Every structure is written in structure tokens, then in C-alpha cells.
>>> print(open('data-v4.cif').read())   # mmCIF, C-alpha atoms
data_work
#
loop_
_atom_site.label_atom_id
_atom_site.label_comp_id
_atom_site.auth_asym_id
_atom_site.auth_seq_id
_atom_site.Cartn_x
_atom_site.Cartn_y
_atom_site.Cartn_z
CA MET A 1 47.01 -28.08 4.51
CA VAL A 2 48.74 -27.11 7.75
CA ASN A 3 51.19 -24.31 8.49
CA LYS A 4 53.85 -26.35 10.33
CA MET A 5 55.14 -23.49 12.52
CA GLU A 6 51.71 -22.57 13.72
CA ARG A 7 50.77 -26.21 14.08
CA GLU A 8 53.65 -26.71 16.52
CA LYS A 9 52.11 -24.01 18.74
CA ILE A 10 48.62 -25.49 18.78
CA ASP A 11 49.24 -29.16 18.02
CA GLU A 12 49.07 -30.07 21.70
CA ASN A 13 45.56 -28.65 21.91
CA ILE A 14 44.11 -29.77 18.57
CA ASP A 15 43.80 -33.21 16.97
CA PHE A 16 43.93 -32.40 13.26
CA GLN A 17 43.17 -35.99 12.25
CA VAL A 18 39.90 -35.81 14.10
CA LEU A 19 39.05 -32.48 12.45
CA ASN A 20 39.84 -33.96 9.06
CA ALA A 21 37.33 -36.76 9.64
CA ILE A 22 34.47 -34.39 10.51
CA ALA A 23 31.76 -34.04 7.85
CA ASP A 24 31.25 -30.34 8.68
CA LEU A 25 33.62 -27.78 7.21
CA VAL A 26 36.42 -26.91 9.66
CA ARG A 27 39.27 -24.42 9.58
CA VAL A 28 41.83 -23.39 12.19
CA LEU A 29 43.25 -19.87 12.48
CA ASP A 30 46.19 -18.77 14.60
CA TYR A 31 46.30 -15.73 16.87
CA ASN A 32 47.25 -13.55 13.86
CA GLU A 33 44.10 -14.66 12.06
CA LYS A 34 46.05 -16.73 9.56
CA VAL A 35 44.51 -19.99 8.35
CA VAL A 36 46.75 -22.86 9.41
CA PHE A 37 44.41 -25.75 8.62
CA VAL A 38 41.28 -26.61 6.67
CA ASN A 39 39.79 -30.09 6.79
CA LYS A 40 39.07 -32.25 3.77
CA ALA A 41 35.34 -31.40 3.75
CA MET A 42 36.09 -27.69 3.40
CA GLU A 43 38.79 -28.31 0.84
CA ASP A 44 36.46 -30.46 -1.29
CA LEU A 45 33.55 -28.01 -1.14
CA LEU A 46 35.22 -24.61 -1.27
CA GLY A 47 38.65 -25.41 -2.63
CA TYR A 48 41.93 -24.55 -0.93
CA ASP A 49 45.17 -22.88 -2.07
CA PRO A 50 47.94 -24.62 -0.05
CA GLU A 51 50.48 -21.88 -0.81
CA LYS A 52 48.30 -18.91 0.15
CA LYS A 53 46.46 -21.00 2.72
CA VAL A 54 43.09 -19.54 1.78
CA CYS A 55 39.89 -20.97 0.35
CA ILE A 56 39.76 -20.45 -3.40
CA LEU A 57 36.36 -18.74 -3.08
CA GLY A 58 38.09 -15.94 -1.14
CA GLU A 59 38.49 -14.87 2.47
CA ASP A 60 36.20 -11.89 1.92
CA LEU A 61 33.31 -14.36 2.26
CA PHE A 62 34.02 -14.68 5.98
CA ASP A 63 33.44 -12.04 8.64
CA PRO A 64 36.88 -11.28 10.21
CA GLU A 65 35.37 -9.27 13.07
CA ILE A 66 33.86 -12.39 14.61
CA THR A 67 37.22 -14.15 14.58
CA LYS A 68 38.93 -11.12 16.14
CA ARG A 69 36.33 -10.99 18.89
CA ALA A 70 36.80 -14.67 19.74
CA LEU A 71 40.60 -14.23 19.83
CA VAL A 72 40.38 -11.23 22.13
CA SER A 73 37.57 -12.29 24.47
CA GLY A 74 37.96 -16.06 24.41
CA GLU A 75 34.18 -16.50 24.01
CA VAL A 76 32.47 -19.02 21.78
CA ILE A 77 30.54 -17.19 19.06
CA GLN A 78 27.76 -18.58 16.86
CA ARG A 79 26.86 -16.90 13.58
CA GLU A 80 25.59 -17.57 10.08
CA GLU A 81 27.56 -17.08 6.87
CA ASN A 82 26.26 -17.00 3.29
CA ILE A 83 28.79 -18.62 0.99
CA GLY A 84 27.61 -18.42 -2.57
CA SER A 85 24.11 -19.89 -2.60
CA MET A 86 24.73 -21.84 0.60
CA VAL A 87 24.00 -20.91 4.21
CA PHE A 88 26.29 -22.09 6.99
CA SER A 89 25.88 -22.01 10.75
CA VAL A 90 29.36 -21.17 12.03
CA LYS A 91 30.67 -21.77 15.54
CA CYS A 92 33.90 -19.98 16.36
CA SER A 93 35.66 -21.50 19.41
CA PRO A 94 38.97 -20.29 20.91
CA ILE A 95 41.94 -22.66 21.29
CA ILE A 96 43.31 -22.20 24.82
CA ASN A 97 46.47 -23.83 26.21
CA LYS A 98 47.07 -25.02 29.77
CA LYS A 99 48.32 -21.56 30.76
CA GLY A 100 45.01 -20.02 29.65
CA GLU A 101 46.58 -18.36 26.61
CA ILE A 102 44.51 -18.06 23.44
CA LEU A 103 46.47 -19.64 20.58
CA GLY A 104 43.89 -19.37 17.85
CA VAL A 105 40.36 -20.39 16.93
CA VAL A 106 38.58 -23.36 15.42
CA GLU A 107 35.66 -22.51 13.12
CA VAL A 108 33.12 -25.20 12.31
CA PHE A 109 30.80 -24.54 9.34
CA ARG A 110 27.58 -26.57 9.23
CA ASN A 111 25.57 -26.45 6.02
CA VAL A 112 22.05 -25.37 6.99
CA THR A 113 20.93 -24.34 3.50
CA MET A 114 18.17 -26.96 3.30
CA ALA A 115 17.03 -26.31 6.86
CA ARG A 116 16.75 -22.56 6.19
CA LYS A 117 14.92 -23.23 2.93
CA LEU A 118 12.43 -25.48 4.71
CA GLN A 119 12.13 -22.94 7.51
CA LYS A 120 11.31 -20.19 5.02
CA GLU A 121 8.77 -22.40 3.27
CA LEU A 122 7.16 -23.20 6.61
CA ILE A 123 7.03 -19.52 7.58
CA ASP A 124 5.52 -18.63 4.20
CA LYS A 125 2.92 -21.39 4.50
CA ASN A 126 2.08 -20.38 8.08
CA ARG A 127 1.70 -16.77 6.96
CA PHE A 128 -0.59 -17.89 4.13
CA MET A 129 -2.68 -20.07 6.48
CA THR A 130 -2.90 -17.25 9.03
CA ASN A 131 -4.14 -14.86 6.36
CA GLU A 132 -6.66 -17.43 5.13
CA THR A 133 -7.83 -18.16 8.68
CA ASN A 134 -8.23 -14.47 9.47
CA ALA A 135 -10.23 -14.03 6.28
CA ALA A 136 -12.46 -16.99 7.21
CA SER A 137 -12.96 -15.51 10.69
CA LEU A 138 -14.00 -12.18 9.19
CA ILE A 139 -16.50 -13.95 6.94
CA GLN A 140 -17.94 -15.80 9.94
CA ARG A 141 -18.49 -12.53 11.77
CA LYS A 142 -19.95 -10.81 8.72
CA VAL A 143 -22.69 -13.44 8.30
CA LEU A 144 -23.95 -13.03 11.87
CA PRO A 145 -27.35 -11.28 12.06
CA ASP A 146 -27.63 -7.55 12.52
CA LYS A 147 -28.31 -6.35 16.03
CA GLY A 148 -31.52 -4.38 16.40
CA PHE A 149 -35.13 -4.89 15.38
CA ILE A 150 -36.76 -7.35 13.00
CA LYS A 151 -40.44 -6.36 13.14
CA ASN A 152 -41.29 -6.40 16.85
CA LEU A 153 -38.35 -8.59 17.87
CA LYS A 154 -35.16 -7.02 19.21
CA VAL A 155 -31.97 -8.99 18.54
CA ASN A 156 -28.79 -8.78 20.59
CA TYR A 157 -25.93 -11.22 21.01
CA LEU A 158 -22.43 -11.94 22.33
CA TYR A 159 -19.97 -13.84 20.14
CA LYS A 160 -16.59 -14.89 21.56
CA PRO A 161 -14.69 -17.62 19.68
CA SER A 162 -12.02 -19.42 21.72
CA THR A 163 -9.66 -19.33 18.71
CA ILE A 164 -9.67 -17.38 15.46
CA LEU A 165 -12.39 -19.60 14.00
CA SER A 166 -15.57 -20.63 15.75
CA GLY A 167 -17.77 -23.71 15.78
CA ASP A 168 -20.80 -21.66 16.86
CA MET A 169 -23.42 -20.16 14.55
CA PHE A 170 -26.73 -18.40 15.13
CA ASP A 171 -29.13 -16.39 13.02
CA VAL A 172 -32.42 -14.48 13.11
CA PHE A 173 -34.11 -13.86 9.77
CA GLN A 174 -37.48 -13.03 8.25
CA ILE A 175 -39.09 -15.94 6.44
CA ASP A 176 -42.14 -14.05 5.18
CA ASP A 177 -44.45 -11.29 6.38
CA ASP A 178 -45.79 -13.43 9.23
CA HIS A 179 -42.83 -15.56 10.31
CA ILE A 180 -39.35 -15.00 11.70
CA GLY A 181 -36.91 -17.90 11.96
CA MET A 182 -34.09 -18.18 14.47
CA TYR A 183 -31.58 -20.81 15.55
CA ILE A 184 -28.39 -21.48 17.40
CA ALA A 185 -25.98 -24.26 16.41
CA ASP A 186 -22.78 -25.69 17.84
CA SER A 187 -20.41 -27.76 15.71
CA VAL A 188 -17.93 -30.09 17.39
CA GLY A 189 -14.45 -28.53 17.53
CA HIS A 190 -13.13 -25.00 17.05
CA GLY A 191 -10.96 -25.19 13.94
CA PHE A 192 -11.33 -24.89 10.20
CA ALA A 193 -13.59 -27.95 9.78
CA ALA A 194 -15.97 -26.72 12.51
CA SER A 195 -16.11 -23.27 10.95
CA MET A 196 -16.97 -24.80 7.56
CA VAL A 197 -19.84 -26.69 9.19
CA THR A 198 -21.21 -23.41 10.57
CA MET A 199 -21.13 -21.91 7.08
CA PHE A 200 -22.92 -25.00 5.77
CA ILE A 201 -25.66 -24.49 8.38
CA LYS A 202 -26.01 -20.81 7.53
CA SER A 203 -26.24 -21.51 3.80
CA MET A 204 -28.62 -24.47 4.07
CA VAL A 205 -31.13 -22.85 6.42
CA ARG A 206 -31.32 -19.67 4.36
CA THR A 207 -31.80 -21.55 1.07
CA LEU A 208 -34.54 -23.95 2.21
CA ASP A 209 -37.96 -23.30 0.74
CA LYS A 210 -40.25 -21.18 2.92
CA THR A 211 -42.58 -24.08 3.69
CA SER A 212 -39.69 -25.96 5.30
CA GLN A 213 -38.40 -22.82 7.03
CA ARG A 214 -41.78 -22.29 8.69
CA SER A 215 -41.61 -25.79 10.21
CA PRO A 216 -38.81 -26.40 12.75
CA ARG A 217 -39.23 -30.18 12.40
CA GLU A 218 -38.90 -30.05 8.62
CA THR A 219 -35.99 -27.64 8.76
CA LEU A 220 -33.94 -29.86 11.09
CA THR A 221 -34.89 -33.00 9.18
CA GLU A 222 -33.75 -31.51 5.89
CA LEU A 223 -30.58 -30.14 7.51
CA CYS A 224 -29.83 -33.64 8.76
CA GLU A 225 -30.45 -35.24 5.35
CA ARG A 226 -28.20 -32.76 3.56
CA PHE A 227 -25.46 -32.92 6.17
CA THR A 228 -25.34 -36.72 6.33
CA GLY A 229 -25.29 -36.68 2.52
CA LEU A 230 -21.85 -35.05 2.71
CA LYS A 231 -20.57 -38.36 4.14
CA LEU A 232 -18.11 -36.72 6.51
CA GLU A 233 -16.40 -38.67 9.26
CA ILE A 234 -18.65 -39.80 12.10
CA GLU A 235 -16.95 -37.37 14.53
CA ASN A 236 -18.22 -34.40 12.50
CA TYR A 237 -21.61 -33.41 13.88
CA PHE A 238 -23.48 -30.44 15.31
CA THR A 239 -26.40 -29.57 17.55
CA CYS A 240 -29.05 -27.07 16.53
CA PHE A 241 -32.10 -25.50 18.13
CA TYR A 242 -34.45 -23.97 15.56
CA GLY A 243 -37.61 -21.97 16.18
CA VAL A 244 -40.15 -19.86 14.32
CA TYR A 245 -42.01 -16.85 15.71
CA ASN A 246 -45.48 -16.26 14.28
CA LEU A 247 -46.12 -12.51 14.22
CA LYS A 248 -49.91 -12.84 13.93
CA LYS A 249 -50.47 -15.59 16.49
CA LYS A 250 -47.64 -14.44 18.83
CA THR A 251 -46.51 -18.06 19.07
CA PHE A 252 -43.06 -19.61 19.04
CA THR A 253 -42.74 -23.08 17.51
CA PHE A 254 -39.50 -24.96 18.02
CA SER A 255 -37.58 -28.21 17.62
CA ASN A 256 -34.24 -29.25 19.03
CA ALA A 257 -31.49 -31.37 17.46
CA GLY A 258 -29.72 -32.25 20.69
CA HIS A 259 -28.65 -28.71 21.54
CA LEU A 260 -27.57 -27.91 25.09
CA PRO A 261 -27.94 -25.83 27.09
CA LEU A 262 -31.65 -25.61 26.39
CA PRO A 263 -32.82 -22.14 25.35
CA LEU A 264 -34.82 -20.27 27.95
CA MET A 265 -38.05 -18.35 27.64
CA VAL A 266 -38.01 -15.61 30.27
CA ARG A 267 -41.10 -13.77 31.55
CA ASN A 268 -41.01 -11.41 34.51
CA ARG A 269 -37.57 -12.73 35.56
CA GLU A 270 -38.83 -16.30 35.64
CA SER A 271 -37.39 -18.76 33.12
CA MET A 272 -38.70 -21.85 31.40
CA SER A 273 -36.48 -24.32 29.54
CA LEU A 274 -37.63 -25.04 25.99
CA GLU A 275 -37.46 -28.82 25.92
CA SER A 276 -38.00 -30.79 22.75
CA ARG A 277 -36.86 -34.31 21.89
CA GLY A 278 -34.25 -34.76 19.14
CA TYR A 279 -30.76 -36.11 18.46
CA PRO A 280 -27.74 -34.11 17.19
CA ILE A 281 -27.29 -33.88 13.42
CA SER A 282 -24.82 -36.63 12.60
CA ARG A 283 -24.34 -39.66 10.35
CA PHE A 284 -24.75 -41.69 13.54
CA PHE A 285 -28.45 -40.70 13.64
CA ALA A 286 -29.47 -41.19 10.02
CA LYS A 287 -33.27 -40.99 10.54
CA PRO A 288 -33.98 -38.63 13.42
CA ASP A 289 -37.47 -37.79 14.65
CA TYR A 290 -37.64 -34.20 15.85
CA GLU A 291 -40.40 -33.25 18.23
CA GLU A 292 -42.11 -29.93 17.54
CA LYS A 293 -43.57 -27.79 20.33
CA GLU A 294 -45.28 -24.43 20.61
CA ILE A 295 -45.53 -21.73 23.27
CA LYS A 296 -47.20 -18.33 23.46
CA LEU A 297 -45.02 -15.21 23.70
CA HIS A 298 -46.08 -11.88 25.18
CA THR A 299 -44.67 -8.38 25.06
CA GLY A 300 -41.74 -8.20 27.47
CA ASP A 301 -40.82 -11.88 27.08
CA TYR A 302 -37.43 -12.81 25.73
CA LEU A 303 -35.68 -15.93 24.46
CA LEU A 304 -32.12 -16.65 25.57
CA PHE A 305 -30.03 -18.99 23.41
CA MET A 306 -26.54 -20.14 24.45
CA THR A 307 -23.83 -22.59 23.43
CA ASP A 308 -22.23 -24.91 26.00
CA GLY A 309 -19.14 -22.71 26.27
CA VAL A 310 -21.11 -20.45 28.61
CA GLU A 311 -22.28 -22.88 31.28
CA GLU A 312 -19.22 -25.15 30.97
CA ALA A 313 -16.67 -22.34 31.39
CA ARG A 314 -14.18 -23.20 34.16
CA ASN A 315 -11.88 -21.32 36.49
CA ALA A 316 -8.42 -22.22 37.79
CA LYS A 317 -10.02 -24.41 40.49
CA LYS A 318 -11.78 -26.36 37.71
CA GLU A 319 -15.15 -25.17 38.98
CA VAL A 320 -17.90 -24.87 36.34
CA PHE A 321 -19.79 -21.61 35.81
CA GLY A 322 -22.99 -23.63 35.65
CA HIS A 323 -26.66 -23.25 34.82
CA GLU A 324 -27.67 -21.93 38.22
CA LYS A 325 -25.58 -18.76 37.81
CA ILE A 326 -27.47 -18.01 34.60
CA LEU A 327 -30.79 -18.43 36.39
CA ASP A 328 -29.62 -16.22 39.28
CA ILE A 329 -28.70 -13.41 36.89
CA ILE A 330 -32.04 -13.73 35.07
CA SER A 331 -33.97 -13.54 38.34
CA GLU A 332 -31.96 -10.52 39.51
CA TYR A 333 -31.92 -8.32 36.42
CA ASN A 334 -34.68 -7.32 34.05
CA SER A 335 -32.52 -5.81 31.28
CA ASP A 336 -28.99 -5.95 29.85
CA ILE A 337 -28.92 -9.67 30.59
CA LEU A 338 -26.09 -10.43 28.16
CA GLU A 339 -23.90 -7.74 29.69
CA TYR A 340 -24.46 -9.06 33.21
CA ILE A 341 -23.83 -12.68 32.20
CA ASN A 342 -20.66 -11.68 30.38
CA LYS A 343 -19.45 -9.63 33.36
CA GLU A 344 -20.03 -12.54 35.75
CA LEU A 345 -18.38 -14.92 33.29
CA GLU A 346 -15.25 -12.79 32.96
CA GLU A 347 -14.95 -12.43 36.73
CA PHE A 348 -15.39 -16.18 37.20
CA THR A 349 -12.99 -17.45 34.52
CA ASP A 350 -9.44 -16.59 35.56
CA ILE A 351 -7.89 -18.88 32.93
CA PRO A 352 -7.78 -18.64 29.11
CA GLN A 353 -11.04 -19.40 27.30
CA VAL A 354 -11.08 -22.96 25.94
CA ASP A 355 -14.49 -23.15 24.24
CA ASP A 356 -16.49 -20.89 21.96
CA ILE A 357 -18.99 -18.68 23.78
CA SER A 358 -22.14 -17.48 22.05
CA MET A 359 -25.29 -15.97 23.50
CA LEU A 360 -28.30 -14.74 21.52
CA ILE A 361 -31.22 -12.88 23.05
CA VAL A 362 -34.45 -12.17 21.17
CA SER A 363 -36.89 -9.87 22.99
CA VAL A 364 -40.57 -9.37 22.18
CA TRP A 365 -41.64 -5.71 22.01
#
>>> encode(input="data-v4.cif", output="C-alpha cells")
Amino acid sequence: MVNKMEREKIDENIDFQVLNAIADLVRVLDYNEKVVFVNKAMEDLLGYDPEKKVCILGEDLFDPEITKRALVSGEVIQREENIGSMVFSVKCSPIINKKGEILGVVEVFRNVTMARKLQKELIDKNRFMTNETNAASLIQRKVLPDKGFIKNLKVNYLYKPSTILSGDMFDVFQIDDDHIGMYIADSVGHGFAASMVTMFIKSMVRTLDKTSQRSPRETLTELCERFTGLKLEIENYFTCFYGVYNLKKKTFTFSNAGHLPLPLMVRNRESMSLESRGYPISRFFAKPDYEEKEIKLHTGDYLLFMTDGVEEARNAKKEVFGHEKILDIISEYNSDILEYINKELEEFTDIPQVDDISMLIVSVW
């Protein structure tokens, strides 16, 4: 398969036996762009006419401009060629003698058809997963409570997932004419599984009977029973603080399933942590005992709920934002608390957010 005259010119620079043993397709062209050699792999796959010295599939399959460029400039050029249904990665390298003269080029064709097919499948699957994830994120945002008033309670919040999907969930909803329920929950993780847990929480709390909804202890107990009944892995768990505001009595009854940071009741810029004994909702704690407590709320009071992404936010020095900064802001400002906390948080964290951040404020009017 070798043009003997041209081979004499480039034989000193090319070992044709080595090229013939290569599994990739190889051909050699002289300075006039004439094929002087094809290796056995190319001959077997594409066919070769020894008289015309061309591949039987036709030279029009190859881009001659690339070869010309390599012959003129002496640069190594990488490209892709589609040959029939196959895709080849082609490296065109100049053959240079000891005097620095370009004698021809060696072109090596590597079959990357399967790799490109797998690459396309991966891109298509990633595109599908991205679309699905974006849709799930939109659903998560849509099920958050409306900002504004529910009876005499004003609801406002800040919701900042660290990734597309969040492991945080909160809600404020009317149970009946006299009671308003509210909670904040934090599922371990930030991905798809965590987001599904948040949707489970949202669905379960809203579909409990009103008697259970009016009792924080019963609500968390039933949530725990239903969640553990799913028999998920032990590492799947969540914390949840649930409370009920009684419109007639002006009382707030609450229970806590291991949620931190503790919600705060704020009155005249002074805060009180709402402590209540209870373990996170997990298969590890199959029979939890949630303590139920009650406080009185007055006009002007507000409840501040947060997930741990707020207080545990870090800066480049690995310093923690901390609980004290929250208390300082509360003691300094009497309104727009969420905006001030968020402003301080953004100024403090000079690195990308690594945990979901959620804050819910419910004010008594």
C-alpha cells in the first residue's frame, strides 16, 4: 500500500511497520497531498484501492483543507471526521526531516463513535435531570405560604436554597376559625431526597385531622409515625418546630422535634428562646415524647423561626455568623428584621453559600 517513490523520501522519518501495527486508522500523505500509505486497520475498515491509492469510500469524506494547513504551517491539527455512521478523532501531524523540511503528513483516525454516543446520552440525561430539578424547585417555592396577613398575624420570610433544591420547609396556615398552625422544618441534605422529605412534611401536616393539627405534640408524633413508616435509611431524618396560635386566647402552644436554632419570641426588642424537649424525626427515635409548652402573645410581639444555615454560615476565615449577631440585630431594630439579618449575613459571608437559609417571621397585630 505504499508509493515507493514517495516512500524513499520519507522512509527515513517514518517506520511503516510500526504504523501498520497500530489499531487506529493511519494514512500518510506526501507534500502533494497524495496518499502514499494506509495501514492495515484503515484498509480493513474503509477499503483501499492500491492502484488509485485512495480509500474505496472516497477521498471526499476527508477535509483536504486541514491537510493543506498542516503541510504549509507544520502545526499539529486535531479535528473530527464523520465517515459514514462513524465518528473519528483525527490528528494530522507533519513529517519533518533533519533539515526542517516538511515531507508530508501522518493522519491518525481514532474511532470515537461510541464515546460520542455516550457523551450525547449523558448530555441528554443531564438536560432531562436539570429540567426535572428546576421543575421540582419551582414546586417547592410555589407551596411556600403567601406573605401578608392571616387574620391578625403578618407573615414574612426569606428563602435561599444553597442549591437548586432545598431541604428547608416552613408554613403558616389556618386550621379553623380560632387556630393558626405554623412550623419550620429542616431535612438533612440539600438534594432531591431532602426536597422530597420537605414535600412529605408539607403534605402530611396539611392533611392531618384538625384535632391533631391543634395539638403540636400530636402533630409531631403523627409526623414521626408516618415518616418512620416509610422505612427510609437511618440517615434520612428532619427536625421540625410546630406551633399553634389561638386567636381567642392569644396563646402560642408549641413542641419541638429537635429543631435548632430555637425559634425566638421577641417583645420590645428582647428575645426569649422557645425551648421544648423532643428528638428529631427519624427511625432512630421510634417512640419520641414531645413536650408541649404555651406562652402568651401580645400585639407587637413576633416569632422568628430560622434553619441552621443562618447561624452556621461561615466566612473565608471559617468564622461562624453565630446566634449573638441575631440577638444584636433584634435588640437594635424594631422592624424589617429579616432585611437587616440578611444584609448582615451577606456582608459577613464572603464565600459561596453551603447550606440552605430560611427565616420566617410571624408578627402579632
>>> resolve_selection(input="data-v4.cif", expression="the PyMOL selection byres ((chain A and resi 317) around 10)", output="count of residues only")
9
>>> closest_residue(input="data-v4.cif", among="A:Phe192, A:Ser335, A:Val205, A:Tyr159", to="Met129 in chain A", atoms="only C-alpha atoms")
A:Phe192
>>> resolve_selection(input="data-v4.cif", expression="the PyMOL selection byres ((chain A and resi 291-298) around 10)", output="ChimeraX atom specification")
/A:215-218,242-247,249-257,265-267,274-278,288-290,299-303,363-365
>>> closest_residue(input="data-v4.cif", among="A:Ile180, A:Val18, A:Met169, A:Ala313", to="Asn152 in chain A", atoms="all atoms listed in the file")
A:Ile180
>>> residues_near_point(input="data-v4.cif", point="(-33.5, -26.5, 32.5)", cutoff="10 Å", atoms="only C-alpha atoms", output="list of chain:residue names")
A:Leu260, A:Pro261, A:Leu262, A:Pro263, A:Leu264, A:Ser271, A:Met272, A:Ser273, A:Leu274, A:Glu275, A:His323, A:Glu324, A:Leu327
>>> atom_distance(input="data-v4.cif", atom1="CA of Glu233 in chain A", atom2="CA of Ile139 in chain A")
24.8 Å
>>> residues_around(input="data-v4.cif", residues="Ile175 in chain A", least_positions_apart="6", cutoff="7 Å", atoms="all atoms listed in the file", output="list in words")
Gly181, Lys210 and Gln213 of chain A
>>> write_last_selection(input="data-v4.cif", atoms="C-alpha atoms", output="PDB file, in the coordinates of the input")
ATOM      1  CA  GLY A 181     -36.910 -17.900  11.960  1.00  0.00           C
ATOM      2  CA  LYS A 210     -40.250 -21.180   2.920  1.00  0.00           C
ATOM      3  CA  GLN A 213     -38.400 -22.820   7.030  1.00  0.00           C
TER       4      GLN A 213
END
>>> atom_distance(input="data-v4.cif", atom1="CA of Met42 in chain A", atom2="CA of Gly100 in chain A")
28.8 Å
>>> residues_around(input="data-v4.cif", residues="Pro145 in chain A", least_positions_apart="4", cutoff="12 Å", atoms="only C-alpha atoms", output="list in words")
Gln140, Arg141, Phe149, Ile150, Lys154, Val155, Asn156, Tyr157, Leu158, Tyr159, Met169, Phe170, Asp171, Val172, Phe173, Gln174, Gly181, Met182, Tyr183, Ile184, Lys202, Leu360, Ile361 and Val362 of chain A
>>> residues_near_point(input="data-v4.cif", point="(38.6, -13.2, 21.0)", cutoff="10 Å", atoms="all atoms listed in the file", output="tab-separated table (two decimals) with C-alpha atoms, keeping the file's coordinate frame")
chain	number	residue	atom	x	y	z
A	31	TYR	CA	46.30	-15.73	16.87
A	65	GLU	CA	35.37	-9.27	13.07
A	66	ILE	CA	33.86	-12.39	14.61
A	67	THR	CA	37.22	-14.15	14.58
A	68	LYS	CA	38.93	-11.12	16.14
A	69	ARG	CA	36.33	-10.99	18.89
A	70	ALA	CA	36.80	-14.67	19.74
A	71	LEU	CA	40.60	-14.23	19.83
A	72	VAL	CA	40.38	-11.23	22.13
A	73	SER	CA	37.57	-12.29	24.47
A	74	GLY	CA	37.96	-16.06	24.41
A	75	GLU	CA	34.18	-16.50	24.01
A	76	VAL	CA	32.47	-19.02	21.78
A	77	ILE	CA	30.54	-17.19	19.06
A	92	CYS	CA	33.90	-19.98	16.36
A	93	SER	CA	35.66	-21.50	19.41
A	94	PRO	CA	38.97	-20.29	20.91
A	102	ILE	CA	44.51	-18.06	23.44
A	104	GLY	CA	43.89	-19.37	17.85
A	105	VAL	CA	40.36	-20.39	16.93
>>> resolve_selection(input="data-v4.cif", expression="the PyMOL selection byres ((chain A and resi 225) around 12)", output="short mmCIF file (atom, residue, chain, number, x, y, z; two decimals) with C-alpha atoms, in the frame of the given file")
data_model
loop_
_atom_site.label_atom_id
_atom_site.label_comp_id
_atom_site.auth_asym_id
_atom_site.auth_seq_id
_atom_site.Cartn_x
_atom_site.Cartn_y
_atom_site.Cartn_z
CA MET A 204 -28.62 -24.47 4.07
CA GLU A 218 -38.90 -30.05 8.62
CA THR A 219 -35.99 -27.64 8.76
CA LEU A 220 -33.94 -29.86 11.09
CA THR A 221 -34.89 -33.00 9.18
CA GLU A 222 -33.75 -31.51 5.89
CA LEU A 223 -30.58 -30.14 7.51
CA CYS A 224 -29.83 -33.64 8.76
CA ARG A 226 -28.20 -32.76 3.56
CA PHE A 227 -25.46 -32.92 6.17
CA THR A 228 -25.34 -36.72 6.33
CA GLY A 229 -25.29 -36.68 2.52
CA LEU A 230 -21.85 -35.05 2.71
CA LYS A 231 -20.57 -38.36 4.14
CA ILE A 281 -27.29 -33.88 13.42
CA SER A 282 -24.82 -36.63 12.60
CA ARG A 283 -24.34 -39.66 10.35
CA PHE A 284 -24.75 -41.69 13.54
CA PHE A 285 -28.45 -40.70 13.64
CA ALA A 286 -29.47 -41.19 10.02
CA LYS A 287 -33.27 -40.99 10.54
CA PRO A 288 -33.98 -38.63 13.42
CA ASP A 289 -37.47 -37.79 14.65
#
>>> atom_distance(input="data-v4.cif", atom1="CA of Ala23 in chain A", atom2="CA of Asn111 in chain A")
10.0 Å
>>> closest_residue(input="data-v4.cif", among="A:Leu138, A:Ile234, A:Ile164, A:Val143", to="Val188 in chain A", atoms="only C-alpha atoms")
A:Ile234
>>> closest_residue(input="data-v4.cif", among="A:Thr207, A:Gln78, A:Asn268, A:Ser195", to="Ser137 in chain A", atoms="all atoms listed in the file")
A:Ser195
>>> closest_residue(input="data-v4.cif", among="A:Gly189, A:Ile83, A:Leu304, A:Ser212", to="Ser162 in chain A", atoms="only C-alpha atoms")
A:Gly189
>>> residues_around(input="data-v4.cif", residues="Val26 in chain A", least_positions_apart="6", cutoff="10 Å", atoms="all atoms listed in the file", output="JSON, numbers by chain")
{"A": [16, 19, 20, 37, 38, 39, 40, 41, 42, 43, 90, 91, 92, 106, 107, 108, 109, 110]}
>>> closest_residue(input="data-v4.cif", among="A:Glu33, A:Leu45, A:Gly258, A:Ser85", to="Asp63 in chain A", atoms="all atoms listed in the file")
A:Glu33
>>> build_atoms(input="data-v4.cif", residues="range 209-222 of chain A", atoms="N, CA and C atoms", output="PDB file, in the frame of the given file")
ATOM      1  N   ASP A 209     -36.727 -23.964   1.177  1.00  0.00           N
ATOM      2  CA  ASP A 209     -37.960 -23.300   0.740  1.00  0.00           C
ATOM      3  C   ASP A 209     -38.737 -22.828   1.967  1.00  0.00           C
ATOM      4  N   LYS A 210     -39.574 -21.834   1.792  1.00  0.00           N
ATOM      5  CA  LYS A 210     -40.250 -21.180   2.920  1.00  0.00           C
ATOM      6  C   LYS A 210     -41.166 -22.120   3.688  1.00  0.00           C
ATOM      7  N   THR A 211     -41.720 -23.100   2.999  1.00  0.00           N
ATOM      8  CA  THR A 211     -42.580 -24.080   3.690  1.00  0.00           C
ATOM      9  C   THR A 211     -41.766 -24.842   4.736  1.00  0.00           C
ATOM     10  N   SER A 212     -40.562 -25.266   4.345  1.00  0.00           N
ATOM     11  CA  SER A 212     -39.690 -25.960   5.300  1.00  0.00           C
ATOM     12  C   SER A 212     -39.227 -25.019   6.401  1.00  0.00           C
ATOM     13  N   GLN A 213     -38.875 -23.790   6.041  1.00  0.00           N
ATOM     14  CA  GLN A 213     -38.400 -22.820   7.030  1.00  0.00           C
ATOM     15  C   GLN A 213     -39.446 -22.526   8.097  1.00  0.00           C
ATOM     16  N   ARG A 214     -40.715 -22.580   7.724  1.00  0.00           N
ATOM     17  CA  ARG A 214     -41.780 -22.290   8.690  1.00  0.00           C
ATOM     18  C   ARG A 214     -42.002 -23.450   9.657  1.00  0.00           C
ATOM     19  N   SER A 215     -41.446 -24.621   9.343  1.00  0.00           N
ATOM     20  CA  SER A 215     -41.610 -25.790  10.210  1.00  0.00           C
ATOM     21  C   SER A 215     -40.265 -26.180  10.819  1.00  0.00           C
ATOM     22  N   PRO A 216     -40.073 -26.002  12.115  1.00  0.00           N
ATOM     23  CA  PRO A 216     -38.810 -26.400  12.750  1.00  0.00           C
ATOM     24  C   PRO A 216     -38.466 -27.871  12.534  1.00  0.00           C
ATOM     25  N   ARG A 217     -39.476 -28.743  12.606  1.00  0.00           N
ATOM     26  CA  ARG A 217     -39.230 -30.180  12.400  1.00  0.00           C
ATOM     27  C   ARG A 217     -38.699 -30.432  10.995  1.00  0.00           C
ATOM     28  N   GLU A 218     -39.327 -29.842   9.999  1.00  0.00           N
ATOM     29  CA  GLU A 218     -38.900 -30.050   8.620  1.00  0.00           C
ATOM     30  C   GLU A 218     -37.520 -29.446   8.367  1.00  0.00           C
ATOM     31  N   THR A 219     -37.282 -28.289   8.950  1.00  0.00           N
ATOM     32  CA  THR A 219     -35.990 -27.640   8.760  1.00  0.00           C
ATOM     33  C   THR A 219     -34.861 -28.511   9.282  1.00  0.00           C
ATOM     34  N   LEU A 220     -34.990 -29.018  10.512  1.00  0.00           N
ATOM     35  CA  LEU A 220     -33.940 -29.860  11.090  1.00  0.00           C
ATOM     36  C   LEU A 220     -33.809 -31.189  10.355  1.00  0.00           C
ATOM     37  N   THR A 221     -34.930 -31.739   9.925  1.00  0.00           N
ATOM     38  CA  THR A 221     -34.890 -33.000   9.180  1.00  0.00           C
ATOM     39  C   THR A 221     -34.144 -32.836   7.869  1.00  0.00           C
ATOM     40  N   GLU A 222     -34.422 -31.741   7.163  1.00  0.00           N
ATOM     41  CA  GLU A 222     -33.750 -31.510   5.890  1.00  0.00           C
ATOM     42  C   GLU A 222     -32.269 -31.169   6.100  1.00  0.00           C
TER      43      GLU A 222
END
